[in-house]
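File shown here: target-v9.cif, holding mmCIF, C-alpha atoms.
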```cif
data_entry
loop_
_atom_site.label_atom_id
_atom_site.label_comp_id
_atom_site.auth_asym_id
_atom_site.auth_seq_id
_atom_site.Cartn_x
_atom_site.Cartn_y
_atom_site.Cartn_z
CA MET A 1 0.00 0.00 0.00
CA LYS A 2 1.46 3.35 -1.01
CA PHE A 3 1.30 5.89 1.79
CA THR A 4 2.15 9.49 2.57
CA LEU A 5 3.36 10.95 5.86
CA ILE A 6 2.33 14.53 6.70
CA VAL A 7 4.11 16.38 9.50
CA CYS A 8 2.85 19.83 10.50
CA THR A 9 5.46 21.76 12.47
CA TYR A 10 5.88 25.12 14.17
CA GLN A 11 9.10 26.48 15.70
CA ARG A 12 10.57 23.03 16.48
CA PRO A 13 13.64 22.47 14.28
CA GLN A 14 15.40 20.02 16.58
CA ALA A 15 12.28 17.97 17.37
CA ILE A 16 11.50 17.36 13.71
CA VAL A 17 15.05 16.08 13.06
CA THR A 18 14.61 13.54 15.86
CA LEU A 19 11.28 12.46 14.39
CA LEU A 20 12.58 12.07 10.84
CA ASN A 21 15.64 10.17 12.03
CA SER A 22 13.27 7.63 13.59
CA VAL A 23 11.28 7.51 10.34
CA ASN A 24 14.52 6.59 8.56
CA GLU A 25 14.64 3.41 10.68
CA GLN A 26 11.20 2.19 9.60
CA LEU A 27 10.66 -1.31 8.21
CA VAL A 28 8.32 0.30 5.67
CA TYR A 29 9.35 3.78 4.53
CA PRO A 30 6.83 6.42 3.35
CA ASP A 31 6.44 6.86 -0.40
CA GLN A 32 6.05 10.59 0.26
CA ILE A 33 6.82 12.84 3.24
CA VAL A 34 5.13 16.25 3.29
CA ILE A 35 6.48 18.78 5.80
CA VAL A 36 4.19 21.78 6.33
CA ASP A 37 6.09 24.38 8.33
CA GLY A 38 4.21 27.28 9.90
CA SER A 39 7.27 28.72 11.66
CA LEU A 40 7.80 32.46 11.88
CA ASP A 41 11.47 32.15 10.89
CA THR A 42 13.66 29.93 8.69
CA SER A 43 15.28 27.85 11.46
CA THR A 44 13.33 24.72 10.52
CA GLN A 45 13.89 25.33 6.81
CA LYS A 46 17.65 25.43 7.40
CA VAL A 47 17.46 21.97 9.00
CA PHE A 48 16.71 20.43 5.63
CA SER A 49 19.76 22.01 4.02
CA ASN A 50 21.89 20.02 6.47
CA HIS A 51 19.88 16.76 6.51
CA SER A 52 18.67 14.66 3.61
CA TYR A 53 15.58 12.45 3.73
CA ASN A 54 14.19 10.41 0.86
CA ASN A 55 10.85 11.34 -0.73
CA LEU A 56 10.59 14.55 1.31
CA GLU A 57 8.74 17.67 0.16
CA TYR A 58 9.05 20.79 2.30
CA PHE A 59 6.58 23.71 2.37
CA LEU A 60 6.99 26.89 4.42
CA VAL A 61 3.53 28.45 4.66
CA ASP A 62 2.45 32.03 5.39
CA SER A 63 -0.18 33.30 7.80
CA GLU A 64 -3.01 32.29 5.45
CA HIS A 65 -2.20 28.60 5.98
CA ARG A 66 -0.64 28.77 9.47
CA GLY A 67 -2.28 26.81 12.30
CA LEU A 68 -2.58 23.07 12.84
CA THR A 69 -5.83 22.36 10.99
CA LYS A 70 -4.97 24.76 8.16
CA GLN A 71 -1.54 23.16 7.78
CA ARG A 72 -3.06 19.68 7.74
CA ASN A 73 -5.51 20.66 5.02
CA TYR A 74 -2.66 22.27 3.08
CA GLY A 75 -0.66 19.04 3.36
CA ILE A 76 -3.63 16.95 2.22
CA ASP A 77 -3.74 18.99 -0.98
CA LYS A 78 -0.09 18.02 -1.65
CA VAL A 79 -0.62 14.26 -1.24
CA ASP A 80 0.33 12.12 -4.23
CA PRO A 81 -2.95 10.91 -5.81
CA THR A 82 -1.55 7.35 -5.96
CA SER A 83 -1.22 7.17 -2.15
CA GLU A 84 -3.84 4.99 -0.50
CA ILE A 85 -3.13 5.91 3.14
CA VAL A 86 -2.14 9.23 4.70
CA CYS A 87 -0.41 9.23 8.09
CA PHE A 88 -0.07 12.21 10.41
CA LEU A 89 2.59 12.57 13.10
CA ASP A 90 3.22 15.44 15.49
CA ASP A 91 6.72 16.87 15.25
CA ASP A 92 7.63 15.82 18.82
CA ILE A 93 7.03 12.10 18.17
CA VAL A 94 9.54 9.26 17.82
CA VAL A 95 8.27 6.11 16.10
CA THR A 96 9.35 2.52 16.75
CA PRO A 97 10.70 0.66 13.66
CA ALA A 98 7.53 -1.34 12.88
CA TYR A 99 5.10 1.55 13.32
CA PHE A 100 4.06 2.15 9.70
CA LYS A 101 4.07 -1.54 8.84
CA LEU A 102 1.66 -2.32 11.66
CA LEU A 103 -0.66 0.57 10.72
CA LEU A 104 -0.83 -0.64 7.12
CA ASP A 105 -1.40 -4.23 8.30
CA THR A 106 -4.45 -2.98 10.23
CA TYR A 107 -6.04 -1.70 7.02
CA LYS A 108 -5.47 -5.13 5.48
CA SER A 109 -7.01 -7.00 8.43
CA HIS A 110 -9.82 -4.43 8.78
CA PRO A 111 -10.55 -3.29 5.21
CA GLU A 112 -13.62 -1.38 6.38
CA ALA A 113 -11.44 0.96 8.46
CA LEU A 114 -11.62 4.63 7.56
CA GLY A 115 -8.80 5.47 9.95
CA VAL A 116 -6.29 3.82 12.29
CA GLY A 117 -4.48 5.40 15.23
CA GLY A 118 -1.16 4.53 16.79
CA TYR A 119 -0.34 3.97 20.46
CA ILE A 120 1.89 6.10 22.72
CA ILE A 121 3.95 4.02 25.15
CA ASN A 122 5.90 6.49 27.31
CA GLU A 123 3.11 8.27 29.16
CA VAL A 124 1.38 5.60 31.28
CA ASN A 125 2.60 2.68 33.41
CA TRP A 126 0.35 -0.38 33.04
CA ARG A 127 0.62 -3.79 34.68
CA PRO A 128 -1.16 -7.05 33.82
CA VAL A 129 -3.71 -8.30 36.38
CA ALA A 130 -5.51 -11.59 36.87
CA LYS A 131 -9.02 -12.21 35.59
CA GLY A 132 -11.56 -10.99 38.11
CA TYR A 133 -9.17 -8.47 39.66
CA VAL A 134 -11.06 -5.80 41.61
CA PRO A 135 -9.41 -2.37 41.23
CA LYS A 136 -8.88 0.01 44.10
CA ILE A 137 -10.54 3.42 44.02
CA ASN A 138 -7.33 4.96 42.64
CA GLU A 139 -6.92 2.36 39.88
CA TYR A 140 -8.40 1.81 36.44
CA THR A 141 -8.60 -1.60 34.76
CA PHE A 142 -9.32 -2.62 31.18
CA ASP A 143 -8.87 -5.87 29.28
CA GLY A 144 -6.58 -7.54 31.81
CA TYR A 145 -4.41 -4.51 32.65
CA ALA A 146 -4.40 -1.95 35.46
CA ARG A 147 -3.04 1.57 35.79
CA SER A 148 -3.23 4.28 38.42
CA ASP A 149 -6.08 6.76 38.19
CA GLY A 150 -5.39 10.45 38.66
CA SER A 151 -7.00 12.40 41.49
CA ARG A 152 -9.50 14.02 39.12
CA PHE A 153 -10.87 10.60 38.14
CA VAL A 154 -10.93 9.40 41.74
CA ILE A 155 -13.03 12.41 42.73
CA ARG A 156 -15.28 11.96 39.69
CA LYS A 157 -15.87 8.33 40.70
CA ARG A 158 -16.88 9.36 44.20
CA LEU A 159 -19.28 11.99 42.83
CA GLY A 160 -20.80 9.73 40.16
CA LEU A 161 -19.25 11.75 37.32
CA ASP A 162 -17.03 9.07 35.78
CA THR A 163 -17.71 8.03 32.19
CA ASP A 164 -20.08 5.16 31.41
CA GLN A 165 -18.30 4.43 28.10
CA PRO A 166 -15.11 2.48 27.23
CA PRO A 167 -11.92 4.42 26.42
CA ALA A 168 -11.94 6.54 23.25
CA TYR A 169 -15.75 6.85 23.26
CA MET A 170 -17.59 10.02 24.25
CA PRO A 171 -20.46 9.73 26.76
CA ASN A 172 -23.56 11.89 26.58
CA PHE A 173 -21.97 14.46 28.93
CA ALA A 174 -18.51 14.33 27.26
CA HIS A 175 -15.50 14.12 29.61
CA GLY A 176 -14.74 10.52 28.64
CA ARG A 177 -11.50 8.59 28.91
CA SER A 178 -8.98 9.04 26.12
CA VAL A 179 -6.99 6.52 24.06
CA SER A 180 -4.38 6.51 26.86
CA PHE A 181 -6.83 4.35 28.85
CA LEU A 182 -6.46 1.52 26.34
CA PRO A 183 -3.82 -0.95 27.60
CA PRO A 184 -0.62 -2.08 25.80
CA SER A 185 -2.19 -5.44 24.94
CA GLY A 186 -1.04 -5.45 21.32
CA LYS A 187 -4.68 -5.73 20.23
CA VAL A 188 -6.63 -3.65 17.73
CA TYR A 189 -9.56 -1.83 19.37
CA LYS A 190 -12.52 -0.26 17.65
CA VAL A 191 -12.90 3.34 18.83
CA GLN A 192 -14.83 6.54 18.25
CA GLN A 193 -11.88 8.92 18.46
CA PHE A 194 -8.08 8.98 18.60
CA MET A 195 -5.22 11.47 18.62
CA GLY A 196 -4.54 13.40 15.43
CA GLY A 197 -0.79 13.51 16.03
CA VAL A 198 -0.51 9.71 15.78
CA SER A 199 -3.21 9.05 13.20
CA SER A 200 -3.77 7.72 9.70
CA PHE A 201 -6.69 7.78 7.28
CA LYS A 202 -7.62 6.50 3.86
CA ARG A 203 -6.86 9.20 1.29
CA GLU A 204 -10.38 9.26 -0.11
CA VAL A 205 -11.69 10.02 3.39
CA LEU A 206 -9.46 13.08 3.64
CA LYS A 207 -10.63 14.26 0.23
CA GLU A 208 -14.27 14.16 1.40
CA GLN A 209 -13.80 15.49 4.93
CA LYS A 210 -11.24 18.17 5.82
CA PHE A 211 -10.10 19.28 9.26
CA SER A 212 -12.26 22.03 10.74
CA GLU A 213 -10.58 25.43 10.70
CA TYR A 214 -12.68 26.46 13.70
CA PHE A 215 -9.65 25.25 15.66
CA GLU A 216 -7.24 28.12 15.08
CA GLY A 217 -3.54 28.06 15.93
CA TYR A 218 -2.65 25.28 18.37
CA GLY A 219 -5.89 23.48 17.55
CA LEU A 220 -6.73 21.80 20.86
CA TYR A 221 -9.24 18.91 20.37
CA GLU A 222 -9.20 19.26 16.60
CA ASP A 223 -8.52 15.51 16.44
CA ALA A 224 -11.56 14.71 18.58
CA ASP A 225 -13.72 16.84 16.29
CA TYR A 226 -12.41 15.13 13.17
CA THR A 227 -12.64 11.55 14.37
CA LEU A 228 -16.01 12.00 16.08
CA ARG A 229 -17.45 13.28 12.80
CA LEU A 230 -15.77 10.49 10.85
CA SER A 231 -16.93 7.74 13.24
CA LYS A 232 -20.52 8.53 12.23
CA LYS A 233 -19.62 7.43 8.68
CA GLY A 234 -17.60 4.27 9.36
CA SER A 235 -15.17 2.35 11.55
CA LEU A 236 -12.07 3.68 13.33
CA TYR A 237 -9.46 1.61 15.15
CA VAL A 238 -6.40 1.94 17.38
CA ASN A 239 -3.62 -0.62 16.98
CA THR A 240 -1.84 -0.82 20.34
CA ALA A 241 1.04 -2.73 18.71
CA ALA A 242 1.84 0.29 16.48
CA ARG A 243 3.88 2.09 19.09
CA LEU A 244 5.60 5.43 19.40
CA TYR A 245 6.93 7.93 21.93
CA HIS A 246 5.53 11.41 22.56
CA TYR A 247 7.92 13.91 24.16
CA HIS A 248 5.63 16.95 24.58
CA ASN A 249 8.00 19.60 23.28
CA ALA A 250 7.09 22.90 24.93
CA ASP A 251 8.15 25.08 21.99
CA GLY A 252 5.26 26.65 20.10
CA ARG A 253 2.59 25.91 22.74
CA PRO A 254 0.12 28.62 23.85
CA ASN A 255 0.23 30.25 27.29
CA GLN A 256 -1.65 28.51 30.09
CA PHE A 257 -4.48 31.05 30.27
CA TYR A 258 -5.30 30.63 26.58
CA TYR A 259 -4.90 26.87 26.91
CA GLY A 260 -7.36 26.74 29.83
CA LYS A 261 -9.89 28.79 27.90
CA MET A 262 -9.54 26.44 24.91
CA VAL A 263 -10.02 23.37 27.12
CA VAL A 264 -13.52 24.53 28.01
CA ARG A 265 -14.68 26.20 24.80
CA ASN A 266 -13.21 23.61 22.42
CA GLY A 267 -14.37 20.87 24.77
CA TRP A 268 -17.93 22.21 24.56
CA TYR A 269 -17.62 22.35 20.76
CA VAL A 270 -16.59 18.70 20.29
CA TRP A 271 -19.18 17.58 22.85
CA ARG A 272 -21.90 19.11 20.68
CA ILE A 273 -20.36 17.57 17.55
CA ALA A 274 -20.84 14.12 19.11
CA HIS A 275 -24.13 14.95 20.87
CA PRO A 276 -25.90 17.89 19.20
CA ARG A 277 -28.88 17.52 21.52
CA PRO A 278 -27.65 16.06 24.82
CA SER A 279 -30.13 15.11 27.50
CA ILE A 280 -30.87 17.41 30.43
CA LYS A 281 -28.90 15.01 32.62
CA GLY A 282 -26.01 15.16 30.15
CA ARG A 283 -26.01 18.98 30.20
CA ILE A 284 -26.00 19.05 34.00
CA LYS A 285 -23.18 16.51 34.23
CA TRP A 286 -21.11 18.37 31.60
CA ASN A 287 -21.29 21.58 33.64
CA LEU A 288 -20.69 19.81 36.96
CA THR A 289 -17.65 18.02 35.57
CA SER A 290 -16.26 21.17 33.92
CA GLY A 291 -16.68 23.06 37.19
CA LEU A 292 -15.07 20.27 39.19
CA LEU A 293 -12.03 20.09 36.88
CA THR A 294 -11.63 23.86 37.10
CA LEU A 295 -11.78 23.71 40.90
CA ILE A 296 -9.19 20.93 40.95
CA ARG A 297 -6.89 23.06 38.78
CA PHE A 298 -7.25 25.90 41.31
CA THR A 299 -6.25 23.55 44.14
CA ASN A 300 -3.13 22.60 42.15
CA VAL A 301 -1.83 26.07 43.05
CA LEU A 302 -1.24 24.61 46.52
CA THR A 303 -0.37 21.01 45.58
CA THR A 304 2.10 21.41 42.69
CA SER A 305 5.39 23.24 42.13
CA LYS A 306 4.08 24.90 38.94
CA ARG A 307 1.77 27.27 40.80
CA LYS A 308 1.68 30.05 38.22
CA GLU A 309 0.78 27.63 35.42
CA ALA A 310 -1.98 26.05 37.52
CA LEU A 311 -3.47 29.43 38.46
CA THR A 312 -3.42 30.90 34.96
CA GLU A 313 -4.92 27.74 33.44
CA ALA A 314 -7.64 27.66 36.09
CA LEU A 315 -8.46 31.31 35.37
CA GLY A 316 -8.56 30.53 31.66
CA ARG A 317 -10.96 27.65 32.28
CA THR A 318 -13.17 29.95 34.38
CA VAL A 319 -13.28 32.62 31.69
CA GLY A 320 -13.93 30.00 29.03
CA TRP A 321 -16.78 28.48 31.05
CA TRP A 322 -18.56 31.78 31.71
CA SER A 323 -18.00 32.94 28.12
CA LEU A 324 -20.33 30.15 26.96
CA LEU A 325 -23.21 32.13 28.48
CA ILE A 326 -22.41 35.04 26.14
CA SER A 327 -21.17 33.41 22.94
CA ARG A 328 -21.12 29.70 22.25
CA PRO A 329 -18.94 28.30 19.45
CA LYS A 330 -20.85 27.86 16.20
CA ARG A 331 -20.64 24.34 14.85
CA GLN A 332 -19.28 24.15 11.31
#
```
Any chance you could put this one into structure tokens?
Amino acid sequence: MKFTLIVCTYQRPQAIVTLLNSVNEQLVYPDQIVIVDGSLDTSTQKVFSNHSYNNLEYFLVDSEHRGLTKQRNYGIDKVDPTSEIVCFLDDDIVVTPAYFKLLLDTYKSHPEALGVGGYIINEVNWRPVAKGYVPKINEYTFDGYARSDGSRFVIRKRLGLDTDQPPAYMPNFAHGRSVSFLPPSGKVYKVQQFMGGVSSFKREVLKEQKFSEYFEGYGLYEDADYTLRLSKKGSLYVNTAARLYHYHNADGRPNQFYYGKMVVRNGWYVWRIAHPRPSIKGRIKWNLTSGLLTLIRFTNVLTTSKRKEALTEALGRTVGWWSLLISRPKRQ
């Protein structure tokens, strides 16, 4: 299967070299690599004058095409029409050697798949547990594995605000559990959403459905929006054997206040994409959970060393929450 890799980058010249060096070690190498650079300078462009990668096409875009979803759509327009699969990777990712091979194998074993996501292995510690294992209040179990549950989920359990859906599915009140709550079992799981920075899709899907440019700049939750819309048309999967590392490079990220505001407003937006008319109970639980998570972030001012970040994010969440009373995001 011919496939294209698209990498959208912004102000991260060193990170993208690390990523592409890991791509060079792949068992199956991309037939085309499209780099869409939204940087404000030429530091990333200069990287490619000192490093050579096969099948690579580099594009430095201006403000008209700058921003994650705009850059992705720009990259889609540059995809070779003979490619069957298009993969997306964030620029602060490192892939294991069999990553692309295992993604492509998933399309062969699940030909109905419209998209397949990869699996990040350096963010959560899982351990296998025996059948019938009863988790503690601060643990989460799924498919024979257990992991610790953060304080926010422990509190949500005690208040009856935990999700009633499996990982990577959105409940009626949103605030579900992400792909990171799928265990490293090596299995392929059917899902409703996955991360855009470790994703792949059939090319014809991307031709029919573009990424929403409602998500300007950093584009928080743009992947949830895209995959939730796509899951209404067909099947999506995550292959937990297709593994990679995510190093969360801080360069190019928004300030914590803006991030906190996006968490709430963009979160509301994708909730209404999945559930345009949620139940009254769902609406109440969405607001209760949003308020609880904001309160927890305020308490982090006292419980973490990054007090300024916790405070500014909490304030951003508060502003974002109240702003919904004045102007709600318009669904596109």
**Study point:** Evaluate the PyMOL selection byres ((chain A and resi 223) around 10) and report residues as an MDAnalysis selection string
**Key:** chainID A and resid 69 193:199 211:212 215 219:222 224:229 270
Could those residues be written to a file, using C-alpha atoms, as a PDB file, keeping the file's coordinate frame?
```pdb
ATOM      1  CA  THR A  69      -5.830  22.360  10.990  1.00  0.00           C
ATOM      2  CA  GLN A 193     -11.880   8.920  18.460  1.00  0.00           C
ATOM      3  CA  PHE A 194      -8.080   8.980  18.600  1.00  0.00           C
ATOM      4  CA  MET A 195      -5.220  11.470  18.620  1.00  0.00           C
ATOM      5  CA  GLY A 196      -4.540  13.400  15.430  1.00  0.00           C
ATOM      6  CA  GLY A 197      -0.790  13.510  16.030  1.00  0.00           C
ATOM      7  CA  VAL A 198      -0.510   9.710  15.780  1.00  0.00           C
ATOM      8  CA  SER A 199      -3.210   9.050  13.200  1.00  0.00           C
ATOM      9  CA  PHE A 211     -10.100  19.280   9.260  1.00  0.00           C
ATOM     10  CA  SER A 212     -12.260  22.030  10.740  1.00  0.00           C
ATOM     11  CA  PHE A 215      -9.650  25.250  15.660  1.00  0.00           C
ATOM     12  CA  GLY A 219      -5.890  23.480  17.550  1.00  0.00           C
ATOM     13  CA  LEU A 220      -6.730  21.800  20.860  1.00  0.00           C
ATOM     14  CA  TYR A 221      -9.240  18.910  20.370  1.00  0.00           C
ATOM     15  CA  GLU A 222      -9.200  19.260  16.600  1.00  0.00           C
ATOM     16  CA  ALA A 224     -11.560  14.710  18.580  1.00  0.00           C
ATOM     17  CA  ASP A 225     -13.720  16.840  16.290  1.00  0.00           C
ATOM     18  CA  TYR A 226     -12.410  15.130  13.170  1.00  0.00           C
ATOM     19  CA  THR A 227     -12.640  11.550  14.370  1.00  0.00           C
ATOM     20  CA  LEU A 228     -16.010  12.000  16.080  1.00  0.00           C
ATOM     21  CA  ARG A 229     -17.450  13.280  12.800  1.00  0.00           C
ATOM     22  CA  VAL A 270     -16.590  18.700  20.290  1.00  0.00           C
TER      23      VAL A 270
END
```
Review point. In terms of the shortest atom-to-atom distance over only C-alpha atoms, which of A:Val7, A:Leu244, A:Val23, A:Val154 is closest to Gly118 in chain A?
Key: A:Leu244
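Between Val179 in chain A and the residues A:Pro135, A:Tyr237, A:Asn73, A:Glu216, the shortest atom-to-atom distance, using all atoms listed in the file, involves A:Tyr237.
Summary of the local environment: counting only C-alpha atoms, residues at most 12 Å from Asn54 in chain A, other than itself and those fewer than 6 positions away along its chain, are Leu5, Leu20, Asn21, Val23, Asn24, Tyr29, Pro30, Asp31, Gln32, Ile33, Val34 and Phe48 of chain A.
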Practice item. Please provide the set of residues having any atom within 9 Å of Ala98 in chain A, restricted to all atoms listed in the file, with same-chain residues fewer than 6 positions apart removed, written as an NGL selection string. Key: :A and (25-28 or 241-243)
Next, write the just-selected residues to a file, as a CSV table (one decimal), in the coordinates of the input, keeping C-alpha atoms as the atom set.
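Just written: out05.csv:
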```csv
chain,number,residue,atom,x,y,z
A,25,GLU,CA,14.6,3.4,10.7
A,26,GLN,CA,11.2,2.2,9.6
A,27,LEU,CA,10.7,-1.3,8.2
A,28,VAL,CA,8.3,0.3,5.7
A,241,ALA,CA,1.0,-2.7,18.7
A,242,ALA,CA,1.8,0.3,16.5
A,243,ARG,CA,3.9,2.1,19.1
```
**Study point:** Nearest to Asp91 in chain A by atom-to-atom distance, counting all atoms listed in the file, from A:Ser63, A:Asn138, A:Thr44, A:Ser49
**Key:** A:Thr44
Check your understanding: CA of Phe153 in chain A to CA of Lys285 in chain A: how many Å, to one decimal?
Key -> 14.2 Å
Point to revise | Gap from CA of Glu57 in chain A to CA of Ile35 in chain A - Å, one decimal | key: 6.2 Å
Practice item. Give me the residues within 12 Å of Asp149 in chain A as a list in words, counting all atoms listed in the file and dropping any in the same chain fewer than 6 places off. Key: Val124, Asn125, Trp126, Pro135, Lys136, Ile137, Asn138, Glu139, Tyr140, Thr141, Ile155, Arg156, Lys157, Asp162, Arg177, Ser180 and Phe181 of chain A
Check your understanding: What do you get, as a PyMOL selection string, if you spell out every residue that the PyMOL selection byres ((chain A and resi 317-329) around 9) selects here?
Key -> chain A and resi 214+257-266+268-269+287+290-291+293-294+297+312-316+330-331
Revision key, fill the gap. Counting only C-alpha atoms, closest pick from A:Asp164, A:Asp77, A:Val116, A:Lys187 relative to Glu208 in chain A is A:Asp77
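With distances restricted to all atoms listed in the file, A:Ala174 is the closest residue to His275 in chain A from A:Arg203, A:Leu302, A:Ala174, A:His248.
The spacing separating CA of Lys207 in chain A from CA of Lys70 in chain A amounts to 14.3 Å.
The smallest atom-to-atom distance between Asp105 in chain A and any of A:Arg147, A:Ser52, A:Asp90, A:Met1, using only C-alpha atoms, is found for A:Met1.
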Point (-22.6, 13.8, 27.8), cut-off 8 Å, counting only C-alpha atoms, residues as a PDB file with C-alpha atoms, in the frame of the given file:
```pdb
ATOM      1  CA  MET A 170     -17.590  10.020  24.250  1.00  0.00           C
ATOM      2  CA  PRO A 171     -20.460   9.730  26.760  1.00  0.00           C
ATOM      3  CA  ASN A 172     -23.560  11.890  26.580  1.00  0.00           C
ATOM      4  CA  PHE A 173     -21.970  14.460  28.930  1.00  0.00           C
ATOM      5  CA  ALA A 174     -18.510  14.330  27.260  1.00  0.00           C
ATOM      6  CA  HIS A 175     -15.500  14.120  29.610  1.00  0.00           C
ATOM      7  CA  TRP A 271     -19.180  17.580  22.850  1.00  0.00           C
ATOM      8  CA  HIS A 275     -24.130  14.950  20.870  1.00  0.00           C
ATOM      9  CA  PRO A 278     -27.650  16.060  24.820  1.00  0.00           C
ATOM     10  CA  SER A 279     -30.130  15.110  27.500  1.00  0.00           C
ATOM     11  CA  GLY A 282     -26.010  15.160  30.150  1.00  0.00           C
ATOM     12  CA  ARG A 283     -26.010  18.980  30.200  1.00  0.00           C
ATOM     13  CA  LYS A 285     -23.180  16.510  34.230  1.00  0.00           C
ATOM     14  CA  TRP A 286     -21.110  18.370  31.600  1.00  0.00           C
TER      15      TRP A 286
END
```
Exercise for review: Check what the PyMOL selection byres ((chain A and resi 110) around 12) selects in the file above and give those residues as a list of chain:residue names.
Suggested key: A:Leu103, A:Leu104, A:Asp105, A:Thr106, A:Tyr107, A:Lys108, A:Ser109, A:Pro111, A:Glu112, A:Ala113, A:Leu114, A:Gly115, A:Val116, A:Val188, A:Tyr189, A:Lys190, A:Gly234, A:Ser235, A:Leu236, A:Tyr237, A:Val238, A:Asn239
